[in-house]
file my_file27.cif (mmCIF, C-alpha atoms)
data_structure
loop_
_atom_site.group_PDB
_atom_site.id
_atom_site.type_symbol
_atom_site.label_atom_id
_atom_site.label_comp_id
_atom_site.auth_asym_id
_atom_site.auth_seq_id
_atom_site.Cartn_x
_atom_site.Cartn_y
_atom_site.Cartn_z
ATOM 1 C CA MET A 634 -15.273 25.799 -27.974
ATOM 2 C CA SER A 635 -17.738 26.056 -25.118
ATOM 3 C CA PRO A 636 -19.886 23.040 -24.252
ATOM 4 C CA ALA A 637 -23.466 22.966 -25.553
ATOM 5 C CA PRO A 638 -25.538 21.938 -22.546
ATOM 6 C CA PHE A 639 -28.839 22.692 -24.296
ATOM 7 C CA ALA A 640 -28.170 20.798 -27.487
ATOM 8 C CA HIS A 641 -30.618 18.110 -26.318
ATOM 9 C CA LEU A 642 -33.520 20.579 -26.088
ATOM 10 C CA PRO A 643 -35.600 20.669 -29.284
ATOM 11 C CA CYS A 644 -35.529 24.443 -29.300
ATOM 12 C CA PRO A 645 -33.779 26.767 -31.704
ATOM 13 C CA VAL A 646 -33.562 29.453 -29.050
ATOM 14 C CA ALA A 647 -31.508 27.081 -26.933
ATOM 15 C CA HIS A 648 -29.358 26.210 -29.920
ATOM 16 C CA ALA A 649 -28.789 29.848 -30.761
ATOM 17 C CA LEU A 650 -27.774 30.632 -27.203
ATOM 18 C CA ASP A 651 -25.407 27.679 -27.081
ATOM 19 C CA VAL A 652 -23.515 29.653 -29.679
ATOM 20 C CA LEU A 653 -24.205 33.119 -28.371
ATOM 21 C CA GLY A 654 -23.602 32.878 -24.649
ATOM 22 C CA GLU A 655 -25.566 33.014 -21.440
ATOM 23 C CA ARG A 656 -28.862 31.299 -21.688
ATOM 24 C CA TRP A 657 -30.973 30.948 -18.592
ATOM 25 C CA SER A 658 -32.614 34.343 -18.520
ATOM 26 C CA LEU A 659 -33.710 34.166 -22.149
ATOM 27 C CA LEU A 660 -34.808 30.553 -21.759
ATOM 28 C CA ILE A 661 -36.908 31.518 -18.739
ATOM 29 C CA LEU A 662 -38.414 34.278 -20.888
ATOM 30 C CA ARG A 663 -39.065 31.860 -23.710
ATOM 31 C CA ASP A 664 -41.002 29.689 -21.251
ATOM 32 C CA ALA A 665 -42.844 32.677 -19.776
ATOM 33 C CA LEU A 666 -43.855 33.729 -23.303
ATOM 34 C CA THR A 667 -45.386 30.303 -23.904
ATOM 35 C CA GLY A 668 -47.405 30.470 -20.690
ATOM 36 C CA VAL A 669 -45.204 28.993 -17.945
ATOM 37 C CA ARG A 670 -45.795 30.756 -14.623
ATOM 38 C CA ARG A 671 -44.886 28.577 -11.659
ATOM 39 C CA PHE A 672 -41.450 27.900 -10.201
ATOM 40 C CA ALA A 673 -41.894 24.130 -10.419
ATOM 41 C CA ASP A 674 -42.938 24.371 -14.075
ATOM 42 C CA PHE A 675 -39.896 26.464 -15.023
ATOM 43 C CA GLU A 676 -37.747 24.002 -13.096
ATOM 44 C CA ARG A 677 -39.221 21.019 -14.919
ATOM 45 C CA SER A 678 -39.120 22.657 -18.336
ATOM 46 C CA LEU A 679 -35.522 23.849 -18.060
ATOM 47 C CA GLY A 680 -33.904 21.153 -15.931
ATOM 48 C CA ILE A 681 -32.232 23.981 -14.020
ATOM 49 C CA ALA A 682 -30.917 23.890 -10.438
ATOM 50 C CA LYS A 683 -33.324 25.458 -7.913
ATOM 51 C CA ASN A 684 -30.787 28.007 -6.662
ATOM 52 C CA ILE A 685 -29.912 29.209 -10.174
ATOM 53 C CA LEU A 686 -33.569 29.419 -11.233
ATOM 54 C CA SER A 687 -34.359 31.304 -8.046
ATOM 55 C CA ALA A 688 -31.544 33.809 -8.656
ATOM 56 C CA ARG A 689 -32.533 34.333 -12.315
ATOM 57 C CA LEU A 690 -36.231 34.836 -11.493
ATOM 58 C CA LYS A 691 -35.291 37.305 -8.745
ATOM 59 C CA SER A 692 -33.138 39.262 -11.174
ATOM 60 C CA LEU A 693 -35.877 39.303 -13.845
ATOM 61 C CA VAL A 694 -38.372 40.560 -11.249
ATOM 62 C CA GLU A 695 -35.929 43.221 -10.031
ATOM 63 C CA ASN A 696 -35.402 44.317 -13.621
ATOM 64 C CA GLY A 697 -39.127 44.646 -14.211
ATOM 65 C CA VAL A 698 -39.378 41.876 -16.809
ATOM 66 C CA LEU A 699 -41.447 39.537 -14.625
ATOM 67 C CA GLU A 700 -43.723 40.254 -11.705
ATOM 68 C CA ARG A 701 -44.213 37.926 -8.774
ATOM 69 C CA ARG A 702 -47.763 37.614 -7.482
ATOM 70 C CA PRO A 703 -50.235 35.202 -5.904
ATOM 71 C CA SER A 704 -51.917 32.778 -8.272
ATOM 72 C CA LYS A 705 -55.539 33.576 -9.132
ATOM 73 C CA SER A 706 -56.544 29.940 -8.591
ATOM 74 C CA ASP A 707 -54.683 29.457 -5.292
ATOM 75 C CA ALA A 708 -53.507 32.524 -3.384
ATOM 76 C CA ARG A 709 -50.919 30.461 -1.469
ATOM 77 C CA GLU A 710 -49.175 29.783 -4.752
ATOM 78 C CA VAL A 711 -46.798 32.267 -6.383
ATOM 79 C CA GLU A 712 -46.770 33.011 -10.098
ATOM 80 C CA TYR A 713 -44.256 34.813 -12.269
ATOM 81 C CA ARG A 714 -45.974 36.835 -14.951
ATOM 82 C CA LEU A 715 -44.547 38.922 -17.751
ATOM 83 C CA THR A 716 -44.838 42.677 -17.439
ATOM 84 C CA ASP A 717 -45.321 44.845 -20.552
ATOM 85 C CA LYS A 718 -41.534 45.170 -20.636
ATOM 86 C CA GLY A 719 -41.209 41.395 -20.558
ATOM 87 C CA ARG A 720 -43.875 40.811 -23.214
ATOM 88 C CA ASP A 721 -42.009 43.235 -25.451
ATOM 89 C CA LEU A 722 -39.094 40.760 -25.531
ATOM 90 C CA VAL A 723 -41.120 38.443 -27.762
ATOM 91 C CA THR A 724 -39.372 39.967 -30.793
ATOM 92 C CA VAL A 725 -35.936 39.105 -29.361
ATOM 93 C CA VAL A 726 -36.966 35.571 -28.527
ATOM 94 C CA VAL A 727 -38.591 35.025 -31.943
ATOM 95 C CA ALA A 728 -35.520 36.481 -33.704
ATOM 96 C CA LEU A 729 -33.310 34.041 -31.783
ATOM 97 C CA ALA A 730 -35.720 31.202 -32.505
ATOM 98 C CA GLN A 731 -35.801 31.927 -36.245
ATOM 99 C CA TRP A 732 -32.012 32.222 -36.451
ATOM 100 C CA GLY A 733 -31.539 29.050 -34.430
ATOM 101 C CA ALA A 734 -34.084 27.202 -36.547
ATOM 102 C CA ARG A 735 -32.271 28.220 -39.712
ATOM 103 C CA TRP A 736 -28.667 27.663 -38.628
ATOM 104 C CA GLU A 737 -28.450 25.502 -35.526
ATOM 105 C CA SER A 738 -31.383 23.114 -35.272
ATOM 106 C CA PRO A 739 -31.515 19.711 -36.931
ATOM 107 C CA ALA A 740 -34.336 19.692 -39.510
ATOM 108 C CA GLY A 741 -37.759 19.085 -38.023
ATOM 109 C CA THR A 742 -36.781 19.946 -34.446
ATOM 110 C CA ALA A 743 -37.838 23.589 -34.494
ATOM 111 C CA PRO A 744 -41.134 24.589 -32.894
ATOM 112 C CA ARG A 745 -43.727 26.204 -35.133
ATOM 113 C CA PHE A 746 -45.251 29.614 -34.364
ATOM 114 C CA PHE A 747 -48.592 30.513 -35.915
ATOM 115 C CA ASN A 748 -51.570 32.865 -35.841
ATOM 116 C CA ARG A 749 -53.871 31.003 -33.472
ATOM 117 C CA HIS A 750 -56.985 32.536 -35.040
ATOM 118 C CA THR A 751 -56.210 31.467 -38.613
ATOM 119 C CA GLY A 752 -53.379 28.939 -38.352
ATOM 120 C CA ALA A 753 -51.206 31.028 -40.703
ATOM 121 C CA GLN A 754 -47.531 30.587 -39.978
ATOM 122 C CA LEU A 755 -45.427 33.352 -38.432
ATOM 123 C CA ALA A 756 -43.447 35.241 -41.082
ATOM 124 C CA LEU A 757 -39.688 35.635 -40.767
ATOM 125 C CA LEU A 758 -38.780 38.893 -39.033
ATOM 126 C CA GLN A 759 -37.442 41.293 -41.622
ATOM 127 C CA LEU A 760 -35.794 44.659 -41.333
ATOM 128 C CA ARG A 761 -37.721 47.429 -43.084
ATOM 129 C CA ASP A 762 -37.543 51.183 -42.931
ATOM 130 C CA VAL A 763 -40.545 53.313 -41.972
ATOM 131 C CA ASP A 764 -41.415 53.650 -45.687
ATOM 132 C CA GLY A 765 -41.726 49.850 -45.913
ATOM 133 C CA ALA A 766 -38.545 49.204 -47.932
ATOM 134 C CA LEU A 767 -36.871 45.882 -47.133
ATOM 135 C CA LEU A 768 -33.302 46.415 -45.874
ATOM 136 C CA ARG A 769 -30.266 44.187 -46.172
ATOM 137 C CA LEU A 770 -27.354 44.649 -43.793
ATOM 138 C CA SER A 771 -25.454 46.665 -46.401
ATOM 139 C CA ASP A 772 -28.400 49.081 -46.717
ATOM 140 C CA ILE A 773 -28.385 49.984 -43.029
ATOM 141 C CA GLY A 774 -26.650 53.058 -41.712
ATOM 142 C CA TYR A 775 -25.860 53.448 -38.040
ATOM 143 C CA GLU A 776 -25.416 56.644 -36.122
ATOM 144 C CA ALA A 777 -24.177 56.744 -32.557
ATOM 145 C CA PRO A 778 -25.928 59.221 -30.252
ATOM 146 C CA SER A 779 -22.788 61.347 -30.124
ATOM 147 C CA ALA A 780 -22.335 62.880 -33.592
ATOM 148 C CA ALA A 781 -18.558 62.625 -33.250
ATOM 149 C CA ALA A 782 -18.803 58.862 -32.841
ATOM 150 C CA SER A 783 -21.106 58.281 -35.819
ATOM 151 C CA ALA A 784 -20.361 55.342 -38.081
ATOM 152 C CA ALA A 785 -22.016 53.373 -40.842
ATOM 153 C CA ALA A 786 -22.049 49.650 -41.511
ATOM 154 C CA MET B 246 -29.160 41.574 -8.806
ATOM 155 C CA SER B 247 -26.159 41.189 -11.074
ATOM 156 C CA PRO B 248 -23.827 44.150 -11.628
ATOM 157 C CA ALA B 249 -24.297 46.178 -14.816
ATOM 158 C CA PRO B 250 -20.773 46.547 -16.226
ATOM 159 C CA PHE B 251 -22.025 47.945 -19.533
ATOM 160 C CA ALA B 252 -24.306 50.606 -18.144
ATOM 161 C CA HIS B 253 -21.755 53.255 -19.143
ATOM 162 C CA LEU B 254 -21.911 52.262 -22.847
ATOM 163 C CA PRO B 255 -24.424 54.372 -24.826
ATOM 164 C CA CYS B 256 -25.843 51.254 -26.433
ATOM 165 C CA PRO B 257 -29.270 49.704 -25.949
ATOM 166 C CA VAL B 258 -27.913 46.272 -26.864
ATOM 167 C CA ALA B 259 -25.506 46.529 -23.949
ATOM 168 C CA HIS B 260 -28.320 47.708 -21.692
ATOM 169 C CA ALA B 261 -30.569 44.862 -22.763
ATOM 170 C CA LEU B 262 -27.860 42.307 -22.113
ATOM 171 C CA ASP B 263 -27.121 43.750 -18.698
ATOM 172 C CA VAL B 264 -30.587 42.508 -17.926
ATOM 173 C CA LEU B 265 -30.578 39.376 -20.023
ATOM 174 C CA GLY B 266 -27.246 37.738 -19.312
ATOM 175 C CA GLU B 267 -23.985 37.012 -21.118
ATOM 176 C CA ARG B 268 -22.912 39.826 -23.333
ATOM 177 C CA TRP B 269 -19.582 39.583 -25.038
ATOM 178 C CA SER B 270 -20.501 37.400 -27.980
ATOM 179 C CA LEU B 271 -23.504 39.522 -28.932
ATOM 180 C CA LEU B 272 -21.535 42.721 -28.380
ATOM 181 C CA ILE B 273 -18.773 41.424 -30.652
ATOM 182 C CA LEU B 274 -21.476 40.670 -33.214
ATOM 183 C CA ARG B 275 -22.965 44.130 -32.811
ATOM 184 C CA ASP B 276 -19.532 45.564 -33.590
ATOM 185 C CA ALA B 277 -18.974 43.198 -36.514
ATOM 186 C CA LEU B 278 -22.362 44.243 -37.933
ATOM 187 C CA THR B 279 -21.279 47.900 -37.852
ATOM 188 C CA GLY B 280 -18.037 47.141 -39.699
ATOM 189 C CA VAL B 281 -15.431 46.326 -37.029
ATOM 190 C CA ARG B 282 -13.006 43.656 -38.282
ATOM 191 C CA ARG B 283 -9.685 43.819 -36.467
ATOM 192 C CA PHE B 284 -8.791 42.432 -33.049
ATOM 193 C CA ALA B 285 -7.447 45.775 -31.840
ATOM 194 C CA ASP B 286 -10.634 47.570 -32.930
ATOM 195 C CA PHE B 287 -12.896 45.086 -31.100
ATOM 196 C CA GLU B 288 -10.638 45.455 -28.080
ATOM 197 C CA ARG B 289 -10.851 49.242 -28.150
ATOM 198 C CA SER B 290 -14.585 49.335 -28.819
ATOM 199 C CA LEU B 291 -15.499 46.865 -26.088
ATOM 200 C CA GLY B 292 -12.866 47.530 -23.435
ATOM 201 C CA ILE B 293 -12.566 43.759 -23.104
ATOM 202 C CA ALA B 294 -9.551 41.780 -21.834
ATOM 203 C CA LYS B 295 -7.419 40.320 -24.649
ATOM 204 C CA ASN B 296 -7.762 36.725 -23.438
ATOM 205 C CA ILE B 297 -11.565 36.936 -23.213
ATOM 206 C CA LEU B 298 -11.872 38.626 -26.616
ATOM 207 C CA SER B 299 -9.569 36.010 -28.102
ATOM 208 C CA ALA B 300 -11.645 33.148 -26.662
ATOM 209 C CA ARG B 301 -14.953 34.678 -27.812
ATOM 210 C CA LEU B 302 -13.673 35.323 -31.351
ATOM 211 C CA LYS B 303 -12.334 31.775 -31.537
ATOM 212 C CA SER B 304 -15.702 30.395 -30.475
ATOM 213 C CA LEU B 305 -17.572 32.563 -33.004
ATOM 214 C CA VAL B 306 -15.213 31.356 -35.745
ATOM 215 C CA GLU B 307 -15.633 27.711 -34.683
ATOM 216 C CA ASN B 308 -19.385 28.185 -34.740
ATOM 217 C CA GLY B 309 -19.311 29.598 -38.258
ATOM 218 C CA VAL B 310 -20.538 33.073 -37.316
ATOM 219 C CA LEU B 311 -17.252 34.836 -38.132
ATOM 220 C CA GLU B 312 -14.430 33.862 -40.453
ATOM 221 C CA ARG B 313 -10.801 34.689 -39.857
ATOM 222 C CA ARG B 314 -8.806 35.761 -42.919
ATOM 223 C CA PRO B 315 -5.961 38.002 -44.059
ATOM 224 C CA SER B 316 -6.825 41.652 -44.570
ATOM 225 C CA LYS B 317 -7.192 42.771 -48.193
ATOM 226 C CA SER B 318 -5.119 45.874 -47.516
ATOM 227 C CA ASP B 319 -2.325 44.142 -45.578
ATOM 228 C CA ALA B 320 -1.998 40.352 -45.797
ATOM 229 C CA ARG B 321 -0.014 40.240 -42.546
ATOM 230 C CA GLU B 322 -3.063 41.527 -40.737
ATOM 231 C CA VAL B 323 -5.957 39.282 -39.702
ATOM 232 C CA GLU B 324 -9.614 40.266 -40.068
ATOM 233 C CA TYR B 325 -12.770 38.761 -38.608
ATOM 234 C CA ARG B 326 -15.627 38.936 -41.073
ATOM 235 C CA LEU B 327 -19.227 37.903 -40.724
ATOM 236 C CA THR B 328 -20.341 34.798 -42.578
ATOM 237 C CA ASP B 329 -23.879 34.555 -44.008
ATOM 238 C CA LYS B 330 -24.811 32.860 -40.745
ATOM 239 C CA GLY B 331 -23.340 35.790 -38.831
ATOM 240 C CA ARG B 332 -25.007 38.433 -41.004
ATOM 241 C CA ASP B 333 -28.327 36.703 -40.393
ATOM 242 C CA LEU B 334 -28.033 37.646 -36.706
ATOM 243 C CA VAL B 335 -28.737 41.271 -37.552
ATOM 244 C CA THR B 336 -32.409 40.675 -36.675
ATOM 245 C CA VAL B 337 -31.465 39.429 -33.192
ATOM 246 C CA VAL B 338 -29.150 42.361 -32.578
ATOM 247 C CA VAL B 339 -31.699 44.891 -33.857
ATOM 248 C CA ALA B 340 -34.451 43.295 -31.738
ATOM 249 C CA LEU B 341 -32.204 43.606 -28.676
ATOM 250 C CA ALA B 342 -31.298 47.160 -29.637
ATOM 251 C CA GLN B 343 -34.926 48.222 -30.071
ATOM 252 C CA TRP B 344 -35.981 46.619 -26.798
ATOM 253 C CA GLY B 345 -33.023 48.132 -24.967
ATOM 254 C CA ALA B 346 -33.717 51.523 -26.494
ATOM 255 C CA ARG B 347 -37.321 51.369 -25.351
ATOM 256 C CA TRP B 348 -36.860 49.984 -21.850
ATOM 257 C CA GLU B 349 -33.286 50.318 -20.681
ATOM 258 C CA SER B 350 -31.553 53.297 -22.277
ATOM 259 C CA PRO B 351 -31.728 56.838 -20.956
ATOM 260 C CA ALA B 352 -33.492 59.068 -23.523
ATOM 261 C CA GLY B 353 -31.219 60.224 -26.309
ATOM 262 C CA THR B 354 -28.512 57.599 -25.753
ATOM 263 C CA ALA B 355 -29.739 55.046 -28.304
ATOM 264 C CA PRO B 356 -28.002 54.812 -31.684
ATOM 265 C CA ARG B 357 -30.131 55.459 -34.740
ATOM 266 C CA PHE B 358 -30.467 52.921 -37.570
ATOM 267 C CA PHE B 359 -31.544 54.150 -40.999
ATOM 268 C CA ASN B 360 -31.748 53.336 -44.696
ATOM 269 C CA ARG B 361 -28.445 54.722 -45.939
ATOM 270 C CA HIS B 362 -29.846 55.315 -49.431
ATOM 271 C CA THR B 363 -32.805 57.434 -48.321
ATOM 272 C CA GLY B 364 -32.158 58.309 -44.679
ATOM 273 C CA ALA B 365 -35.525 56.791 -43.660
ATOM 274 C CA GLN B 366 -35.447 55.434 -40.142
ATOM 275 C CA LEU B 367 -35.542 51.701 -39.419
ATOM 276 C CA ALA B 368 -39.045 50.545 -38.480
ATOM 277 C CA LEU B 369 -39.673 48.649 -35.256
ATOM 278 C CA LEU B 370 -39.529 44.892 -35.798
ATOM 279 C CA GLN B 371 -43.052 43.525 -35.673
ATOM 280 C CA LEU B 372 -44.409 40.034 -35.652
ATOM 281 C CA ARG B 373 -46.649 39.254 -38.599
ATOM 282 C CA ASP B 374 -47.997 36.060 -40.074
ATOM 283 C CA VAL B 375 -47.345 35.072 -43.681
ATOM 284 C CA ASP B 376 -50.638 36.720 -44.661
ATOM 285 C CA GLY B 377 -49.333 40.038 -43.306
ATOM 286 C CA ALA B 378 -51.549 40.225 -40.200
ATOM 287 C CA LEU B 379 -49.903 41.951 -37.238
ATOM 288 C CA LEU B 380 -49.699 39.600 -34.236
ATOM 289 C CA ARG B 381 -49.689 40.381 -30.542
ATOM 290 C CA LEU B 382 -48.325 37.865 -28.069
ATOM 291 C CA SER B 383 -51.818 36.604 -27.275
ATOM 292 C CA ASP B 384 -52.428 35.906 -30.980
ATOM 293 C CA ILE B 385 -49.458 33.566 -31.308
ATOM 294 C CA GLY B 386 -49.791 29.819 -31.056
ATOM 295 C CA TYR B 387 -46.793 27.624 -30.447
ATOM 296 C CA GLU B 388 -46.381 24.004 -31.422
ATOM 297 C CA ALA B 389 -43.426 21.936 -30.281
ATOM 298 C CA PRO B 390 -41.970 19.571 -32.901
ATOM 299 C CA SER B 391 -43.375 16.579 -31.039
ATOM 300 C CA ALA B 392 -47.172 16.703 -31.327
ATOM 301 C CA ALA B 393 -47.481 15.295 -27.799
ATOM 302 C CA ALA B 394 -45.571 18.260 -26.387
ATOM 303 C CA SER B 395 -47.585 20.924 -28.206
ATOM 304 C CA ALA B 396 -48.665 23.995 -26.289
ATOM 305 C CA ALA B 397 -50.038 27.430 -26.992
ATOM 306 C CA ALA B 398 -49.232 30.767 -25.412
#
call {"tool": "encode", "arguments": {"input": "my_file27.cif", "output": "C-alpha cells"}}
result
Amino acid sequence: MSPAPFAHLPCPVAHALDVLGERWSLLILRDALTGVRRFADFERSLGIAKNILSARLKSLVENGVLERRPSKSDAREVEYRLTDKGRDLVTVVVALAQWGARWESPAGTAPRFFNRHTGAQLALLQLRDVDGALLRLSDIGYEAPSAAASAAA
Amino acid sequence: MSPAPFAHLPCPVAHALDVLGERWSLLILRDALTGVRRFADFERSLGIAKNILSARLKSLVENGVLERRPSKSDAREVEYRLTDKGRDLVTVVVALAQWGARWESPAGTAPRFFNRHTGAQLALLQLRDVDGALLRLSDIGYEAPSAAASAAA
C-alpha cells in the first residue's frame, strides 16, 4: 500500500488522491479554483517543495490550464490564473471532493461548497442523460469511437 | 513538460490524465467501470507491465475500491470487481472523460456514453445547488471545516 502523505490535510480531494495516485497537479488546481494565485501561496497551502511546485506550475501553463501573468496590484509580481480550460476542471475536482468526503474523510473534516448568493449547499454530482433521467452505472452504455471496439458496461 | 505516454489511446480520460498526473489507477478504474474484471484483460487493455498492474490492483483492493474473488464461471480464475466505493467513482471518471473529450481529444476520438435503455446520450455533468440552480465557478463559495480557515472562491 502506498503511503498517504496528504492524510493530514482536511481535504477530501487529497484523501481521494491518496488512493487514486498522483496528486500535485490536481491539488494545485483545487487551490487555484478557490482563489490561490501566487507561487508563495501555493507553496504555503500545499507544503510542497519549490522545485516540484515550479515544475508542476510550468506543466499546467504549458498545457493551457493556467496562465502566468503580472499581478494587477503589483506588476513585478507573477500570478497563475485559471484559463477557461482550467476552470472547466471544477467538475473533476468537485467529483473527487464529493467521493473523498463520502469514502475517505473522517466525519466533519470535509469542506463545504455552497451557492454564495443563497447559501444553498452544492448538490451531489449525478449522472443524467440528456432527457433528464438519472443513470446508475448499470444503466450506462459505452461505445468506443471505433465501432469494432464498442463495448457496454 | 512531461511525456504523454497515453496520447495514442483514443480515450479522453487518458488524455486528461496526461495533463493531470498519475494515470494507472484511474485507468484501471475506467476499465473496471466498463466491465473489465480479469488481470489479463486489464493488461491487454492498458498495455501496462505486469508488476505495475499487480501493484496497482493490490492497492485498489487494499483501499476497498476493488474486491478480488473467484470467477463465477471458473473458480480457479480470479476477478477484480468494483465495490460500492469503487462504483461511486463513476462520477470522477465521467468528469475526467468529459473534460478530456472537450479539451484534449482530437475530434471524433472520444467514446460515447449513453442510456442503454433508451439510447439517449449522457448529459454533461453540471454543478447545481440543492435547490436546482446551475452554478458557475464564481457562484460557488467554499468553507473549510475549521471556521478560522474559511475562504471563498
call {"tool": "resolve_selection", "arguments": {"input": "my_file27.cif", "expression": "the PyMOL selection byres ((chain B and resi 290-303) around 10)", "output": "PyMOL selection string"}}
result
(chain A and resi 634-635+653-654) or (chain B and resi 251+254+269-274+276+281+284-289+304-313+325)
call {"tool": "residues_around", "arguments": {"input": "my_file27.cif", "residues": "Ala378 (chain B)", "least_positions_apart": "6", "cutoff": "12 Å", "atoms": "all atoms listed in the file", "output": "ChimeraX atom specification"}}
result
/A:747-756 /B:371-372,384-385
call {"tool": "atom_distance", "arguments": {"input": "my_file27.cif", "atom1": "CA of Asp319 (chain B)", "atom2": "CA of Leu770 (chain A)"}}
result
25.1 Å
call {"tool": "closest_residue", "arguments": {"input": "my_file27.cif", "among": "A:Glu737, A:Leu666, A:Arg671, A:Tyr775", "to": "Ser704 (chain A)", "atoms": "all atoms listed in the file"}}
result
A:Arg671
call {"tool": "atom_distance", "arguments": {"input": "my_file27.cif", "atom1": "CA of Gly733 (chain A)", "atom2": "CA of Ala346 (chain B)"}}
result
23.9 Å
call {"tool": "closest_residue", "arguments": {"input": "my_file27.cif", "among": "B:Gln343, B:Thr336, B:Thr328, B:Ser318", "to": "chain A", "atoms": "only C-alpha atoms"}}
result
B:Thr336
call {"tool": "atom_distance", "arguments": {"input": "my_file27.cif", "atom1": "CA of Glu324 (chain B)", "atom2": "CA of Arg357 (chain B)"}}
result
26.1 Å
call {"tool": "decode", "arguments": {"input": "my_file27.cif", "residues": "region 656-709 of chain A", "atoms": "C-alpha atoms", "output": "PDB file, in the first residue's frame"}}
result
ATOM      1  CA  ARG A 656      -1.774  14.424  -6.574  1.00  0.00           C
ATOM      2  CA  TRP A 657       0.096  17.663  -7.004  1.00  0.00           C
ATOM      3  CA  SER A 658      -1.410  18.873 -10.243  1.00  0.00           C
ATOM      4  CA  LEU A 659      -4.981  18.354  -9.065  1.00  0.00           C
ATOM      5  CA  LEU A 660      -4.191  19.831  -5.658  1.00  0.00           C
ATOM      6  CA  ILE A 661      -2.718  22.910  -7.334  1.00  0.00           C
ATOM      7  CA  LEU A 662      -5.931  23.122  -9.370  1.00  0.00           C
ATOM      8  CA  ARG A 663      -8.039  22.739  -6.266  1.00  0.00           C
ATOM      9  CA  ASP A 664      -6.184  25.714  -4.776  1.00  0.00           C
ATOM     10  CA  ALA A 665      -6.456  27.732  -7.994  1.00  0.00           C
ATOM     11  CA  LEU A 666     -10.215  27.070  -8.030  1.00  0.00           C
ATOM     12  CA  THR A 667     -10.518  28.505  -4.525  1.00  0.00           C
ATOM     13  CA  GLY A 668      -8.639  31.664  -5.487  1.00  0.00           C
ATOM     14  CA  VAL A 669      -4.940  30.961  -4.867  1.00  0.00           C
ATOM     15  CA  ARG A 670      -2.763  32.733  -7.438  1.00  0.00           C
ATOM     16  CA  ARG A 671       0.752  33.350  -6.163  1.00  0.00           C
ATOM     17  CA  PHE A 672       3.660  30.920  -6.005  1.00  0.00           C
ATOM     18  CA  ALA A 673       4.242  31.564  -2.304  1.00  0.00           C
ATOM     19  CA  ASP A 674       0.564  30.951  -1.524  1.00  0.00           C
ATOM     20  CA  PHE A 675       0.511  27.619  -3.375  1.00  0.00           C
ATOM     21  CA  GLU A 676       3.730  26.706  -1.586  1.00  0.00           C
ATOM     22  CA  ARG A 677       2.279  27.537   1.819  1.00  0.00           C
ATOM     23  CA  SER A 678      -1.058  25.864   1.155  1.00  0.00           C
ATOM     24  CA  LEU A 679       0.418  22.625  -0.174  1.00  0.00           C
ATOM     25  CA  GLY A 680       3.645  22.298   1.802  1.00  0.00           C
ATOM     26  CA  ILE A 681       5.297  21.339  -1.484  1.00  0.00           C
ATOM     27  CA  ALA A 682       8.988  21.665  -2.397  1.00  0.00           C
ATOM     28  CA  LYS A 683       9.747  24.759  -4.512  1.00  0.00           C
ATOM     29  CA  ASN A 684      11.268  22.767  -7.378  1.00  0.00           C
ATOM     30  CA  ILE A 685       8.292  20.395  -7.620  1.00  0.00           C
ATOM     31  CA  LEU A 686       5.754  23.234  -7.427  1.00  0.00           C
ATOM     32  CA  SER A 687       7.698  25.118 -10.074  1.00  0.00           C
ATOM     33  CA  ALA A 688       7.736  22.098 -12.407  1.00  0.00           C
ATOM     34  CA  ARG A 689       4.007  21.407 -11.900  1.00  0.00           C
ATOM     35  CA  LEU A 690       3.007  25.047 -12.494  1.00  0.00           C
ATOM     36  CA  LYS A 691       5.163  25.134 -15.637  1.00  0.00           C
ATOM     37  CA  SER A 692       3.480  21.994 -16.934  1.00  0.00           C
ATOM     38  CA  LEU A 693      -0.019  23.343 -16.174  1.00  0.00           C
ATOM     39  CA  VAL A 694       0.842  26.574 -18.006  1.00  0.00           C
ATOM     40  CA  GLU A 695       2.266  24.644 -20.969  1.00  0.00           C
ATOM     41  CA  ASN A 696      -0.900  22.562 -21.076  1.00  0.00           C
ATOM     42  CA  GLY A 697      -3.091  25.649 -21.124  1.00  0.00           C
ATOM     43  CA  VAL A 698      -4.744  25.031 -17.752  1.00  0.00           C
ATOM     44  CA  LEU A 699      -3.140  28.025 -16.024  1.00  0.00           C
ATOM     45  CA  GLU A 700      -1.767  31.243 -17.429  1.00  0.00           C
ATOM     46  CA  ARG A 701       1.158  33.124 -15.959  1.00  0.00           C
ATOM     47  CA  ARG A 702       0.837  36.900 -15.898  1.00  0.00           C
ATOM     48  CA  PRO A 703       1.761  40.010 -13.925  1.00  0.00           C
ATOM     49  CA  SER A 704      -0.395  40.750 -10.906  1.00  0.00           C
ATOM     50  CA  LYS A 705      -2.894  43.589 -11.334  1.00  0.00           C
ATOM     51  CA  SER A 706      -1.929  45.047  -7.948  1.00  0.00           C
ATOM     52  CA  ASP A 707       1.851  44.795  -8.424  1.00  0.00           C
ATOM     53  CA  ALA A 708       3.227  44.262 -11.924  1.00  0.00           C
ATOM     54  CA  ARG A 709       6.521  42.912 -10.530  1.00  0.00           C
TER      55      ARG A 709
END
